[in-house]
$ cat input_3.csv   # CSV, C-alpha atoms
chain,number,residue,atom,x,y,z
A,1,MET,CA,0.0,0.0,0.0
A,2,GLU,CA,1.0,3.6,-0.6
A,3,THR,CA,0.4,6.7,1.5
A,4,THR,CA,-2.3,7.8,-1.1
A,5,ASP,CA,-4.2,4.5,-0.4
A,6,PHE,CA,-4.9,6.2,3.0
A,7,THR,CA,-5.2,9.9,2.1
A,8,ASN,CA,-7.1,9.4,-1.2
A,9,HIS,CA,-9.4,6.7,0.1
A,10,PRO,CA,-13.0,7.7,-0.9
A,11,ALA,CA,-14.1,7.8,2.8
A,12,ILE,CA,-11.2,10.2,3.6
A,13,ALA,CA,-11.3,12.3,0.5
A,14,GLN,CA,-15.1,12.9,0.9
A,15,LEU,CA,-14.7,13.6,4.6
A,16,ILE,CA,-12.1,16.3,4.0
A,17,GLU,CA,-14.0,17.8,1.1
A,18,ARG,CA,-17.2,17.9,3.2
A,19,MET,CA,-15.4,19.6,6.1
A,20,LYS,CA,-13.9,22.3,3.8
A,21,ASN,CA,-17.2,22.9,2.1
A,22,ASP,CA,-18.7,23.5,5.5
A,23,LYS,CA,-15.7,25.8,6.3
A,24,ILE,CA,-14.7,23.8,9.4
A,25,ASP,CA,-11.1,24.8,8.6
A,26,GLN,CA,-12.1,28.5,9.2
A,27,LYS,CA,-13.5,27.9,12.7
A,28,PRO,CA,-11.5,29.3,15.6
A,29,PHE,CA,-9.8,26.5,17.5
A,30,SER,CA,-7.1,28.5,19.3
A,31,ASP,CA,-5.8,32.0,20.0
A,32,LEU,CA,-2.3,31.1,18.7
A,33,LEU,CA,-1.9,31.6,15.0
A,34,ASP,CA,0.8,32.0,12.3
A,35,SER,CA,0.9,34.0,9.1
A,36,SER,CA,-0.4,31.0,7.1
A,37,GLY,CA,-3.5,30.8,9.2
A,38,ASN,CA,-2.5,27.7,11.1
A,39,GLN,CA,-3.9,27.3,14.6
A,40,TYR,CA,-1.9,25.7,17.4
A,41,VAL,CA,-3.1,23.3,20.0
A,42,GLU,CA,-1.6,20.9,22.6
A,43,LEU,CA,-2.3,17.2,21.9
A,44,VAL,CA,-2.5,14.3,24.3
A,45,GLN,CA,-2.8,10.7,22.9
A,46,GLU,CA,-3.9,7.6,24.8
A,47,GLY,CA,-2.1,4.3,24.8
A,48,GLY,CA,-3.6,1.2,23.2
A,49,GLY,CA,-1.1,-1.1,21.4
A,50,VAL,CA,-1.6,-1.4,17.6
A,51,LEU,CA,-4.8,0.7,18.0
A,52,GLY,CA,-2.5,3.6,17.8
A,53,VAL,CA,-2.8,3.5,14.0
A,54,ALA,CA,-6.2,5.3,14.5
A,55,LEU,CA,-4.4,8.2,16.1
A,56,ILE,CA,-2.7,9.0,12.8
A,57,GLY,CA,-6.1,9.2,11.1
A,58,TYR,CA,-7.2,11.7,13.7
A,59,THR,CA,-4.1,13.9,13.5
A,60,TYR,CA,-4.2,13.8,9.7
A,61,VAL,CA,-7.7,15.3,9.7
A,62,LEU,CA,-6.7,18.0,12.2
A,63,GLU,CA,-3.7,19.0,10.1
A,64,GLN,CA,-5.9,19.1,7.0
A,65,MET,CA,-8.1,21.6,8.8
A,66,GLY,CA,-5.0,23.8,9.5
A,67,ILE,CA,-4.4,22.7,13.1
A,68,ARG,CA,-0.8,22.3,14.2
A,69,PHE,CA,0.6,20.6,17.4
A,70,PHE,CA,2.4,23.0,19.6
A,71,SER,CA,3.0,20.5,22.4
A,72,LEU,CA,2.6,16.7,22.4
A,73,ALA,CA,2.1,14.1,25.1
A,74,GLY,CA,1.3,10.4,25.1
A,75,THR,CA,1.7,7.1,26.8
A,76,SER,CA,2.6,3.8,25.1
A,77,ALA,CA,1.1,3.9,21.6
A,78,GLY,CA,0.3,7.6,22.1
A,79,SER,CA,3.9,8.2,22.9
A,80,ILE,CA,5.0,6.6,19.6
A,81,ASN,CA,2.8,9.0,17.5
A,82,ALA,CA,3.9,11.9,19.7
A,83,MET,CA,7.6,11.2,19.1
A,84,LEU,CA,7.1,10.6,15.4
A,85,LEU,CA,5.3,14.0,15.1
A,86,ALA,CA,8.0,15.7,17.3
A,87,GLY,CA,10.8,14.0,15.4
A,88,LEU,CA,9.7,15.7,12.1
A,89,GLY,CA,10.7,19.0,13.6
A,90,ASP,CA,9.2,22.4,12.7
A,91,ILE,CA,5.8,22.5,14.5
A,92,SER,CA,4.3,24.7,11.8
A,93,LYS,CA,4.5,21.9,9.2
A,94,PRO,CA,2.0,19.1,8.6
A,95,LYS,CA,3.5,15.7,9.4
A,96,SER,CA,0.9,13.0,9.4
A,97,GLU,CA,1.3,12.0,5.7
A,98,LYS,CA,5.0,11.2,6.4
A,99,ILE,CA,4.0,9.2,9.4
A,100,ILE,CA,1.5,7.2,7.3
A,101,ASP,CA,4.4,6.4,4.9
A,102,VAL,CA,6.4,5.2,7.9
A,103,LEU,CA,3.5,3.1,9.1
A,104,VAL,CA,2.8,1.5,5.7
A,105,ASN,CA,6.4,0.4,5.3
A,106,LYS,CA,6.6,-1.2,8.7
A,107,ASP,CA,5.3,-4.7,9.5
A,108,LEU,CA,4.3,-4.2,13.2
A,109,TYR,CA,4.8,-7.9,13.8
A,110,ASP,CA,8.6,-7.2,13.5
A,111,PHE,CA,8.2,-5.7,17.0
A,112,VAL,CA,7.5,-9.2,18.3
A,113,ASP,CA,11.2,-10.0,18.3
A,114,GLY,CA,11.3,-12.9,20.9
A,115,ASP,CA,12.1,-16.5,20.1
A,116,ASN,CA,9.7,-18.9,18.3
A,117,ASP,CA,8.1,-20.0,21.6
A,118,SER,CA,7.3,-16.4,22.5
A,119,LYS,CA,5.8,-15.8,19.1
A,120,ASP,CA,3.6,-18.9,19.3
A,121,PHE,CA,2.4,-17.9,22.8
A,122,ILE,CA,1.5,-14.4,21.6
A,123,LYS,CA,-0.3,-15.7,18.5
A,124,ALA,CA,-2.3,-18.0,20.8
A,125,LEU,CA,-3.1,-15.1,23.1
A,126,VAL,CA,-4.3,-12.9,20.2
A,127,GLU,CA,-6.4,-15.7,18.7
A,128,LYS,CA,-7.9,-16.4,22.2
A,129,ALA,CA,-6.9,-20.0,22.1
A,130,LYS,CA,-8.5,-22.6,24.5
A,131,ARG,CA,-7.3,-22.8,28.0
A,132,VAL,CA,-5.3,-26.0,27.6
A,133,LYS,CA,-3.4,-24.6,24.7
A,134,MET,CA,-2.7,-21.4,26.5
A,135,ILE,CA,-1.4,-23.2,29.5
A,136,TRP,CA,0.9,-25.3,27.3
A,137,LYS,CA,2.2,-22.3,25.3
A,138,GLY,CA,2.6,-20.4,28.5
A,139,TRP,CA,4.7,-23.1,30.1
A,140,GLN,CA,7.0,-23.0,27.0
A,141,VAL,CA,7.8,-19.3,27.6
A,142,ILE,CA,8.4,-19.4,31.4
A,143,ASP,CA,12.2,-19.3,30.9
A,144,GLU,CA,11.9,-16.0,28.9
A,145,ILE,CA,9.8,-14.4,31.6
A,146,PHE,CA,12.3,-15.4,34.3
A,147,ASP,CA,15.5,-14.7,32.4
A,148,ASP,CA,14.5,-11.5,30.5
A,149,LEU,CA,11.4,-10.4,32.4
A,150,GLY,CA,9.5,-10.3,29.1
A,151,LEU,CA,8.8,-12.2,26.0
A,152,ASN,CA,10.3,-9.7,23.6
A,153,PRO,CA,13.5,-7.8,24.0
A,154,GLY,CA,12.1,-4.8,22.2
A,155,ASP,CA,15.3,-4.2,20.2
A,156,ASP,CA,13.5,-4.1,16.8
A,157,PHE,CA,11.3,-1.3,18.0
A,158,LEU,CA,14.1,0.7,19.5
A,159,ASN,CA,16.2,0.3,16.4
A,160,TRP,CA,13.3,1.2,14.1
A,161,LEU,CA,12.5,4.4,16.1
A,162,SER,CA,16.1,5.4,16.5
A,163,SER,CA,16.6,5.0,12.7
A,164,PHE,CA,13.5,7.2,12.0
A,165,LEU,CA,14.9,9.9,14.3
A,166,ASN,CA,18.4,9.6,12.9
A,167,ASN,CA,17.1,10.0,9.4
A,168,ASN,CA,15.6,13.3,10.5
A,169,GLY,CA,18.8,14.6,12.1
A,170,ILE,CA,18.0,13.5,15.6
A,171,LYS,CA,20.4,11.3,17.6
A,172,THR,CA,20.2,13.0,21.0
A,173,MET,CA,17.8,15.0,23.1
A,174,ALA,CA,19.8,18.1,22.2
A,175,ASP,CA,19.0,17.5,18.6
A,176,LEU,CA,15.3,17.0,19.3
A,177,ASN,CA,15.2,20.3,21.1
A,178,ALA,CA,16.9,22.1,18.3
A,179,HIS,CA,14.4,20.7,15.8
A,180,PHE,CA,11.1,20.8,17.8
A,181,ALA,CA,11.3,23.1,20.8
A,182,LYS,CA,11.2,26.4,18.9
A,183,LEU,CA,8.4,28.9,18.4
A,184,PRO,CA,7.6,29.6,14.7
A,185,PRO,CA,8.9,33.1,14.0
A,186,ASP,CA,5.6,34.3,12.6
A,187,MET,CA,3.5,33.1,15.5
A,188,VAL,CA,1.0,35.7,16.9
A,189,ILE,CA,-1.9,35.9,19.4
A,190,ARG,CA,-5.3,36.3,17.8
A,191,LYS,CA,-6.4,40.0,17.6
A,192,ASP,CA,-8.3,41.4,20.5
A,193,ILE,CA,-6.9,38.8,22.9
A,194,PRO,CA,-5.1,40.6,25.8
A,195,LYS,CA,-2.3,38.1,26.1
A,196,THR,CA,1.3,37.7,24.8
A,197,LEU,CA,3.6,34.9,23.7
A,198,ASP,CA,5.6,35.2,26.9
A,199,GLY,CA,6.6,31.8,28.4
A,200,LEU,CA,5.5,29.7,25.5
A,201,GLN,CA,7.7,26.9,24.3
A,202,PRO,CA,6.8,23.6,22.6
A,203,ARG,CA,7.0,20.7,24.9
A,204,LEU,CA,7.1,16.9,24.5
A,205,ALA,CA,5.9,14.7,27.4
A,206,ILE,CA,6.4,10.9,27.2
A,207,ILE,CA,5.0,9.0,30.2
A,208,SER,CA,6.6,5.9,31.6
A,209,ALA,CA,6.6,4.0,34.9
A,210,ASP,CA,9.9,3.6,36.9
A,211,LEU,CA,9.2,0.5,39.0
A,212,THR,CA,12.5,0.7,40.9
A,213,THR,CA,11.5,4.0,42.7
A,214,GLU,CA,7.7,3.8,42.1
A,215,THR,CA,7.8,6.9,40.0
A,216,LYS,CA,5.5,8.2,37.3
A,217,VAL,CA,8.1,9.6,34.9
A,218,GLU,CA,7.7,12.3,32.3
A,219,PHE,CA,10.4,12.3,29.7
A,220,PRO,CA,12.4,14.4,28.8
A,221,LYS,CA,11.4,16.7,31.7
A,222,MET,CA,12.8,14.2,34.3
A,223,SER,CA,15.8,12.9,32.3
A,224,ASN,CA,18.3,14.5,34.6
A,225,LEU,CA,17.3,12.0,37.3
A,226,TYR,CA,18.5,9.1,35.1
A,227,TRP,CA,21.3,10.5,33.0
A,228,ALA,CA,24.3,12.6,34.0
A,229,ASN,CA,24.2,14.3,30.6
A,230,PRO,CA,20.5,14.1,29.6
A,231,ASP,CA,21.1,16.2,26.4
A,232,GLU,CA,23.1,13.2,25.1
A,233,ALA,CA,20.3,10.6,25.7
A,234,ASN,CA,18.6,8.9,22.7
A,235,PRO,CA,15.0,10.1,22.7
A,236,ALA,CA,13.9,6.8,21.3
A,237,ILE,CA,14.6,5.2,24.7
A,238,PHE,CA,11.9,7.4,26.2
A,239,VAL,CA,9.3,5.8,24.0
A,240,ARG,CA,10.7,2.3,24.4
A,241,ALA,CA,10.2,2.8,28.1
A,242,SER,CA,6.7,4.1,27.7
A,243,MET,CA,5.5,1.2,25.5
A,244,SER,CA,7.0,-1.7,27.4
A,245,ILE,CA,3.9,-3.7,28.0
A,246,PRO,CA,4.6,-5.7,31.1
A,247,TYR,CA,5.8,-9.3,30.3
A,248,PHE,CA,5.1,-8.7,26.6
A,249,PHE,CA,8.3,-6.6,26.3
A,250,SER,CA,11.3,-6.8,28.6
A,251,PRO,CA,11.6,-3.7,30.9
A,252,VAL,CA,13.9,-0.9,29.9
A,253,GLN,CA,16.9,-0.8,32.2
A,254,ILE,CA,18.8,2.5,32.7
A,255,ASN,CA,22.1,2.0,34.3
A,256,ASP,CA,24.6,4.4,35.9
A,257,ILE,CA,22.0,6.5,37.7
A,258,PRO,CA,23.7,9.7,38.8
A,259,GLN,CA,24.8,9.5,42.4
A,260,GLY,CA,25.9,11.9,45.2
A,261,SER,CA,24.3,14.6,47.3
A,262,GLU,CA,23.3,16.8,44.4
A,263,ALA,CA,21.6,13.9,42.7
A,264,GLN,CA,19.9,12.8,45.9
A,265,GLN,CA,18.5,16.3,46.4
A,266,ASN,CA,17.3,16.4,42.8
A,267,TRP,CA,15.3,13.2,43.4
A,268,GLU,CA,13.8,14.5,46.6
A,269,ASN,CA,12.8,17.8,45.1
A,270,THR,CA,11.4,16.3,41.8
A,271,VAL,CA,9.6,13.2,42.9
A,272,GLY,CA,9.9,13.0,46.7
A,273,PHE,CA,12.2,9.9,46.7
A,274,THR,CA,14.4,10.1,49.8
A,275,GLY,CA,16.0,6.6,49.8
A,276,ASN,CA,19.4,5.5,48.7
A,277,LEU,CA,19.6,6.1,44.9
A,278,PRO,CA,19.7,2.8,43.0
A,279,PRO,CA,22.5,2.1,40.5
A,280,ALA,CA,19.9,1.2,37.9
A,281,CYS,CA,16.1,1.7,37.2
A,282,PHE,CA,13.6,-0.5,35.4
A,283,PHE,CA,10.8,1.0,33.3
A,284,VAL,CA,7.6,-0.5,32.0
A,285,ASP,CA,4.6,0.8,30.1
A,286,GLY,CA,3.5,4.2,31.4
A,287,GLY,CA,-0.1,3.0,30.9
A,288,ILE,CA,0.1,1.1,34.2
A,289,LEU,CA,0.0,4.5,35.9
A,290,SER,CA,-1.5,7.0,33.4
A,291,ASN,CA,-2.6,5.6,30.1
A,292,PHE,CA,-4.1,9.0,29.1
A,293,PRO,CA,-2.0,11.8,30.6
A,294,ILE,CA,-4.5,14.5,29.8
A,295,ASP,CA,-3.5,16.5,32.9
A,296,VAL,CA,0.1,17.0,31.8
A,297,PHE,CA,-0.3,20.5,30.2
A,298,HIS,CA,-3.1,21.7,32.6
A,299,LYS,CA,-2.9,25.2,34.1
A,300,PRO,CA,-5.9,25.3,36.5
A,301,ASN,CA,-6.0,29.0,37.3
A,302,SER,CA,-5.9,30.6,33.9
A,303,VAL,CA,-7.8,30.7,30.6
A,304,PRO,CA,-5.5,29.0,28.1
A,305,ARG,CA,-4.1,30.6,25.0
A,306,MET,CA,-4.7,27.3,23.2
A,307,PRO,CA,-6.7,24.2,24.1
A,308,THR,CA,-5.4,20.7,25.1
A,309,PHE,CA,-7.1,18.3,22.7
A,310,GLY,CA,-7.2,14.7,23.9
A,311,ILE,CA,-7.7,11.5,21.8
A,312,ARG,CA,-8.9,8.3,23.5
A,313,LEU,CA,-8.9,4.8,21.9
A,314,GLY,CA,-12.4,3.5,22.6
A,315,ASP,CA,-14.7,4.1,25.5
A,316,ASN,CA,-13.0,2.6,28.5
A,317,ARG,CA,-15.7,3.0,31.1
A,318,ASN,CA,-19.0,1.9,29.5
A,319,ILE,CA,-19.0,-1.7,30.7
A,320,ALA,CA,-18.5,-3.0,34.2
A,321,ASN,CA,-15.8,-5.6,34.7
A,322,LYS,CA,-17.0,-9.2,35.1
A,323,ILE,CA,-14.9,-10.9,37.7
A,324,THR,CA,-15.4,-14.7,37.6
A,325,ASN,CA,-11.9,-16.2,37.5
A,326,PRO,CA,-8.2,-15.3,38.3
A,327,THR,CA,-7.6,-14.1,34.7
A,328,ASN,CA,-10.3,-11.5,34.5
A,329,LEU,CA,-9.6,-10.6,38.2
A,330,PHE,CA,-6.0,-9.7,37.1
A,331,GLY,CA,-7.4,-7.8,34.1
A,332,ALA,CA,-9.7,-5.8,36.2
A,333,MET,CA,-6.9,-4.9,38.7
A,334,PHE,CA,-4.6,-3.9,35.8
A,335,ASN,CA,-7.2,-1.8,34.1
A,336,SER,CA,-8.2,-0.1,37.3
A,337,SER,CA,-4.6,0.8,38.0
A,338,ARG,CA,-3.9,2.3,34.6
A,339,HIS,CA,-7.1,4.4,34.4
A,340,LEU,CA,-7.6,5.5,38.0
A,341,HIS,CA,-5.3,8.6,37.9
A,342,ASP,CA,-6.8,9.8,34.6
A,343,TYR,CA,-10.4,9.2,35.7
A,344,ASP,CA,-9.8,11.1,38.9
A,345,PHE,CA,-8.4,14.1,37.1
A,346,LEU,CA,-11.3,14.2,34.6
A,347,LEU,CA,-13.9,13.9,37.5
A,348,LYS,CA,-12.2,16.9,39.1
A,349,ASN,CA,-12.0,18.9,35.9
A,350,PRO,CA,-15.3,18.3,34.0
A,351,ASP,CA,-14.5,21.1,31.5
A,352,PHE,CA,-12.0,18.7,29.9
A,353,SER,CA,-15.0,16.8,28.4
A,354,TRP,CA,-15.1,19.6,25.9
A,355,LEU,CA,-11.6,18.7,24.7
A,356,ILE,CA,-11.7,15.0,24.4
A,357,GLU,CA,-12.9,12.7,21.6
A,358,LYS,CA,-13.1,8.9,21.6
A,359,ILE,CA,-12.3,6.8,18.6
A,360,ASP,CA,-14.6,3.8,18.0
A,361,ILE,CA,-12.0,1.0,17.5
A,362,GLY,CA,-14.6,-1.6,16.7
A,363,ASP,CA,-13.4,-5.2,17.1
A,364,HIS,CA,-9.7,-4.5,16.6
A,365,ASP,CA,-7.5,-6.1,19.2
A,366,TRP,CA,-4.8,-3.9,20.8
A,367,LEU,CA,-2.3,-6.8,20.9
A,368,ASN,CA,-2.7,-7.8,17.2
A,369,PHE,CA,0.8,-7.0,16.1
A,370,GLY,CA,0.1,-9.1,13.0
A,371,ILE,CA,-2.3,-6.4,11.8
A,372,LYS,CA,-2.9,-6.4,8.1
A,373,ASN,CA,-2.9,-3.4,5.8
A,374,ASP,CA,-6.7,-3.4,5.4
A,375,GLU,CA,-7.0,-3.3,9.2
A,376,LYS,CA,-4.6,-0.4,9.4
A,377,LEU,CA,-6.7,1.4,6.9
A,378,ASP,CA,-9.9,0.7,8.8
A,379,LEU,CA,-8.4,2.1,12.0
A,380,PHE,CA,-7.1,5.1,10.1
A,381,ILE,CA,-10.6,5.9,8.8
A,382,ARG,CA,-12.1,5.4,12.2
A,383,GLY,CA,-9.7,8.0,13.6
A,384,ALA,CA,-10.5,10.4,10.8
A,385,ILE,CA,-14.3,10.0,11.4
A,386,ALA,CA,-13.8,10.8,15.1
A,387,ALA,CA,-11.7,13.9,14.2
A,388,GLU,CA,-14.5,15.2,12.0
A,389,ARG,CA,-17.1,14.7,14.7
A,390,PHE,CA,-14.9,16.5,17.3
A,391,LEU,CA,-14.0,19.5,15.2
A,392,ARG,CA,-17.6,20.1,14.1
A,393,GLN,CA,-18.8,20.3,17.7
A,394,PHE,CA,-15.9,22.0,19.4
A,395,ASP,CA,-16.5,25.7,20.3
A,396,TRP,CA,-13.3,27.4,21.3
A,397,ASN,CA,-14.9,30.7,22.4
A,398,ASN,CA,-17.5,28.9,24.5
A,399,TYR,CA,-14.8,26.7,26.1
A,400,LYS,CA,-12.9,29.8,27.2
A,401,GLU,CA,-16.1,31.2,28.8
A,402,VAL,CA,-16.4,27.9,30.7
A,403,ARG,CA,-12.9,28.2,32.0
A,404,LYS,CA,-13.5,31.9,33.0
A,405,GLN,CA,-16.5,30.8,35.0
A,406,LEU,CA,-14.6,28.1,36.7
A,407,ILE,CA,-11.9,30.5,37.7
A,408,ASN,CA,-14.5,33.0,39.0
A,409,ASN,CA,-16.1,30.3,41.1
A,410,ILE,CA,-12.7,29.4,42.6
A,411,VAL,CA,-12.0,33.0,43.5
A,412,ALA,CA,-15.5,33.5,44.9

$ encode --input "input_3.csv" --output "structure tokens"
Amino acid sequence: METTDFTNHPAIAQLIERMKNDKIDQKPFSDLLDSSGNQYVELVQEGGGVLGVALIGYTYVLEQMGIRFFSLAGTSAGSINAMLLAGLGDISKPKSEKIIDVLVNKDLYDFVDGDNDSKDFIKALVEKAKRVKMIWKGWQVIDEIFDDLGLNPGDDFLNWLSSFLNNNGIKTMADLNAHFAKLPPDMVIRKDIPKTLDGLQPRLAIISADLTTETKVEFPKMSNLYWANPDEANPAIFVRASMSIPYFFSPVQINDIPQGSEAQQNWENTVGFTGNLPPACFFVDGGILSNFPIDVFHKPNSVPRMPTFGIRLGDNRNIANKITNPTNLFGAMFNSSRHLHDYDFLLKNPDFSWLIEKIDIGDHDWLNFGIKNDEKLDLFIRGAIAAERFLRQFDWNNYKEVRKQLINNIVA
């Protein structure tokens, strides 16, 4: 398949034409603009394995409507798309078509890079094999779990993302900052808005879980906890840490954690860790703590200059968990853990319901790394449909009024 098989698909072409005919691209979505008429937003993307393909359909439609991504955040699959977008540099440029091209030319099953027993077990898991077969296949991979703490080393993913970044001139965090963390020179505040550009800087936030110190980690913001020279770190490792599905991928291990009194104080001030600093830290999927880090850019006591749009992969809280056996008991505990922080934030900040859209992911399985091209296309279209629905109903001016009222209520 080619990029045009996605972008020129009749469902996508008709959707874009329909939106432009209805002048959706001329609606106000932000108070940050550039001379080309692009409008800037912050974007937070939820984790969800291979379902992340749908995120690209969503961002493609937003870009077609003249929306650009000032800051980017994500967990797991959301962190992959966030890094791909950031890795293409200049925030004023559309990028989703290039990401489609990267997606089309990558067999996601390559990421399943364990031995044959591991691959057989994962295939049985995705195909929902009968219990006897699952037990047999599970027994065959016990050694991988004990020796490597995961079925797949994750090297193929890390090499693939590192290569993508290298091809775009990014080998270190310093390179990424030079490419991404700059204001467009022609950026302005919308007329009649009594605000300035002061303090604005594009930001990338990749969420992972440091199990060694029980820390919810935001990369690259907290990189100085783990590297003596964080500017020299490979940004791909942040994403590899964020998408390390427990036991599916081996944890990421960062060695040579900075030591000494200054480092100790840094840990205490940043995350409240007061114990002896470990020599190494182990990271797994940030989704076990915050699968949808919608709070990461939130400034509670001000009306924002731009909105924080959020993309969710499915409706995660519309069916109660059925707990009848040890397997679904574990699943219920895992899902509760990974969603609790995000649900709590949304309950306390109901105005965020204006900013979030959910993509209907149908019957697609988040662990189906053997996903076919037609399935990728279907997810892409589903993401695009959700984006159209969201942009049609979102009202930036009304949202600002809601935020003003919330602030007034707090003051009162």

$ residues_around --input "input_3.csv" --residues "stretch 93-101 of chain A" --least-positions-apart "3" --cutoff "8 Å" --atoms "all atoms listed in the file" --output "list in words"
Glu2, Thr3, Phe6, Thr7, Ile56, Thr59, Tyr60, Glu63, Arg68, Leu84, Leu85, Leu88, Asp90, Val104 and Asn105 of chain A

$ residues_near_point --input "input_3.csv" --point "(11.3, 12.5, 10.0)" --cutoff "7 Å" --atoms "all atoms listed in the file" --output "list in words"
Gly87, Leu88, Phe164, Leu165, Asn167 and Asn168 of chain A

$ closest_residue --input "input_3.csv" --among "A:Asp198, A:Asp374, A:Asp360, A:Asp192" --to "A:Arg389" --atoms "all atoms listed in the file"
A:Asp360

$ closest_residue --input "input_3.csv" --among "A:Gly275, A:Gly169, A:Gly310, A:Gly114" --to "A:Ala73" --atoms "all atoms listed in the file"
A:Gly310

$ atom_distance --input "input_3.csv" --atom1 "atom CA of A:Gln45" --atom2 "atom CA of A:Gly78"
4.5 Å

$ residues_near_point --input "input_3.csv" --point "(-10.6, 11.6, 24.5)" --cutoff "9 Å" --atoms "only C-alpha atoms" --output "short mmCIF file (atom, residue, chain, number, x, y, z; two decimals) with C-alpha atoms, in the coordinates of the input"
data_model
loop_
_atom_site.label_atom_id
_atom_site.label_comp_id
_atom_site.auth_asym_id
_atom_site.auth_seq_id
_atom_site.Cartn_x
_atom_site.Cartn_y
_atom_site.Cartn_z
CA VAL A 44 -2.50 14.30 24.30
CA GLN A 45 -2.80 10.70 22.90
CA GLU A 46 -3.90 7.60 24.80
CA PHE A 292 -4.10 9.00 29.10
CA ILE A 294 -4.50 14.50 29.80
CA PHE A 309 -7.10 18.30 22.70
CA GLY A 310 -7.20 14.70 23.90
CA ILE A 311 -7.70 11.50 21.80
CA ARG A 312 -8.90 8.30 23.50
CA LEU A 313 -8.90 4.80 21.90
CA GLY A 314 -12.40 3.50 22.60
CA ASP A 315 -14.70 4.10 25.50
CA SER A 353 -15.00 16.80 28.40
CA LEU A 355 -11.60 18.70 24.70
CA ILE A 356 -11.70 15.00 24.40
CA GLU A 357 -12.90 12.70 21.60
CA LYS A 358 -13.10 8.90 21.60
CA ILE A 359 -12.30 6.80 18.60
#

$ atom_distance --input "input_3.csv" --atom1 "atom CA of A:Arg305" --atom2 "atom CA of A:Ile16"
26.6 Å

$ atom_distance --input "input_3.csv" --atom1 "atom CA of A:Leu51" --atom2 "atom CA of A:Trp366"
5.4 Å

$ closest_residue --input "input_3.csv" --among "A:Ser261, A:Asn21, A:Asn373, A:Ser71" --to "A:Thr274" --atoms "only C-alpha atoms"
A:Ser261

$ closest_residue --input "input_3.csv" --among "A:Ser290, A:Gln39, A:Ser163, A:Asn276" --to "A:Ser242" --atoms "only C-alpha atoms"
A:Ser290

$ residues_around --input "input_3.csv" --residues "A:Ala233" --least-positions-apart "5" --cutoff "8 Å" --atoms "all atoms listed in the file" --output "ChimeraX atom specification"
/A:172-173,227

$ closest_residue --input "input_3.csv" --among "A:Pro307, A:Gly286, A:Gly383, A:Gly66" --to "A:Asp25" --atoms "all atoms listed in the file"
A:Gly66

$ closest_residue --input "input_3.csv" --among "A:Leu391, A:Ile12, A:Ile385, A:Ile189" --to "A:Asn38" --atoms "only C-alpha atoms"
A:Ile189

$ closest_atom_pairs --input "input_3.csv" --of "stretch 28-128 of chain A" --to "stretch 146-154 of chain A" --cutoff "8 Å" --atoms "only C-alpha atoms" --output "tab-separated table"
residue	atom	partner	partner_atom	distance
A:Phe111	CA	A:Gly154	CA	6.6
A:Val112	CA	A:Asn152	CA	6.0
A:Asp113	CA	A:Asn152	CA	5.4
A:Gly114	CA	A:Asn152	CA	4.3
A:Asp115	CA	A:Asn152	CA	7.9
A:Ser118	CA	A:Leu151	CA	5.7

$ write_last_selection --input "input_3.csv" --atoms "C-alpha atoms" --output "compact mmCIF listing (two decimals), keeping the file's coordinate frame"
# COMPACT_ATOMS: atom_id res chain seq x y z
CA PHE A 111 8.20 -5.70 17.00
CA VAL A 112 7.50 -9.20 18.30
CA ASP A 113 11.20 -10.00 18.30
CA GLY A 114 11.30 -12.90 20.90
CA ASP A 115 12.10 -16.50 20.10
CA SER A 118 7.30 -16.40 22.50

$ residues_around --input "input_3.csv" --residues "A:Asp256" --least-positions-apart "4" --cutoff "10 Å" --atoms "all atoms listed in the file" --output "PDB file with C-alpha atoms, in the coordinates of the input"
ATOM      1  CA  TYR A 226      18.500   9.100  35.100  1.00  0.00           C
ATOM      2  CA  TRP A 227      21.300  10.500  33.000  1.00  0.00           C
ATOM      3  CA  ALA A 228      24.300  12.600  34.000  1.00  0.00           C
ATOM      4  CA  PRO A 278      19.700   2.800  43.000  1.00  0.00           C
ATOM      5  CA  PRO A 279      22.500   2.100  40.500  1.00  0.00           C
ATOM      6  CA  ALA A 280      19.900   1.200  37.900  1.00  0.00           C
ATOM      7  CA  CYS A 281      16.100   1.700  37.200  1.00  0.00           C
TER       8      CYS A 281
END

$ residues_around --input "input_3.csv" --residues "A:Ala86" --least-positions-apart "5" --cutoff "8 Å" --atoms "only C-alpha atoms" --output "short mmCIF file (atom, residue, chain, number, x, y, z; two decimals) with C-alpha atoms, in the frame of the given file"
data_model
loop_
_atom_site.label_atom_id
_atom_site.label_comp_id
_atom_site.auth_asym_id
_atom_site.auth_seq_id
_atom_site.Cartn_x
_atom_site.Cartn_y
_atom_site.Cartn_z
CA LEU A 72 2.60 16.70 22.40
CA ILE A 91 5.80 22.50 14.50
CA LEU A 176 15.30 17.00 19.30
CA PHE A 180 11.10 20.80 17.80
CA LEU A 204 7.10 16.90 24.50
#

$ residues_around --input "input_3.csv" --residues "A:Ile80" --least-positions-apart "2" --cutoff "9 Å" --atoms "only C-alpha atoms" --output "list in words"
Gly52, Gly74, Thr75, Ser76, Ala77, Gly78, Ala82, Met83, Leu84, Leu85, Leu161, Ile206, Val239, Arg240, Ser242 and Met243 of chain A

$ write_last_selection --input "input_3.csv" --atoms "C-alpha atoms" --output "short mmCIF file (atom, residue, chain, number, x, y, z; two decimals), in the coordinates of the input"
data_model
loop_
_atom_site.label_atom_id
_atom_site.label_comp_id
_atom_site.auth_asym_id
_atom_site.auth_seq_id
_atom_site.Cartn_x
_atom_site.Cartn_y
_atom_site.Cartn_z
CA GLY A 52 -2.50 3.60 17.80
CA GLY A 74 1.30 10.40 25.10
CA THR A 75 1.70 7.10 26.80
CA SER A 76 2.60 3.80 25.10
CA ALA A 77 1.10 3.90 21.60
CA GLY A 78 0.30 7.60 22.10
CA ALA A 82 3.90 11.90 19.70
CA MET A 83 7.60 11.20 19.10
CA LEU A 84 7.10 10.60 15.40
CA LEU A 85 5.30 14.00 15.10
CA LEU A 161 12.50 4.40 16.10
CA ILE A 206 6.40 10.90 27.20
CA VAL A 239 9.30 5.80 24.00
CA ARG A 240 10.70 2.30 24.40
CA SER A 242 6.70 4.10 27.70
CA MET A 243 5.50 1.20 25.50
#
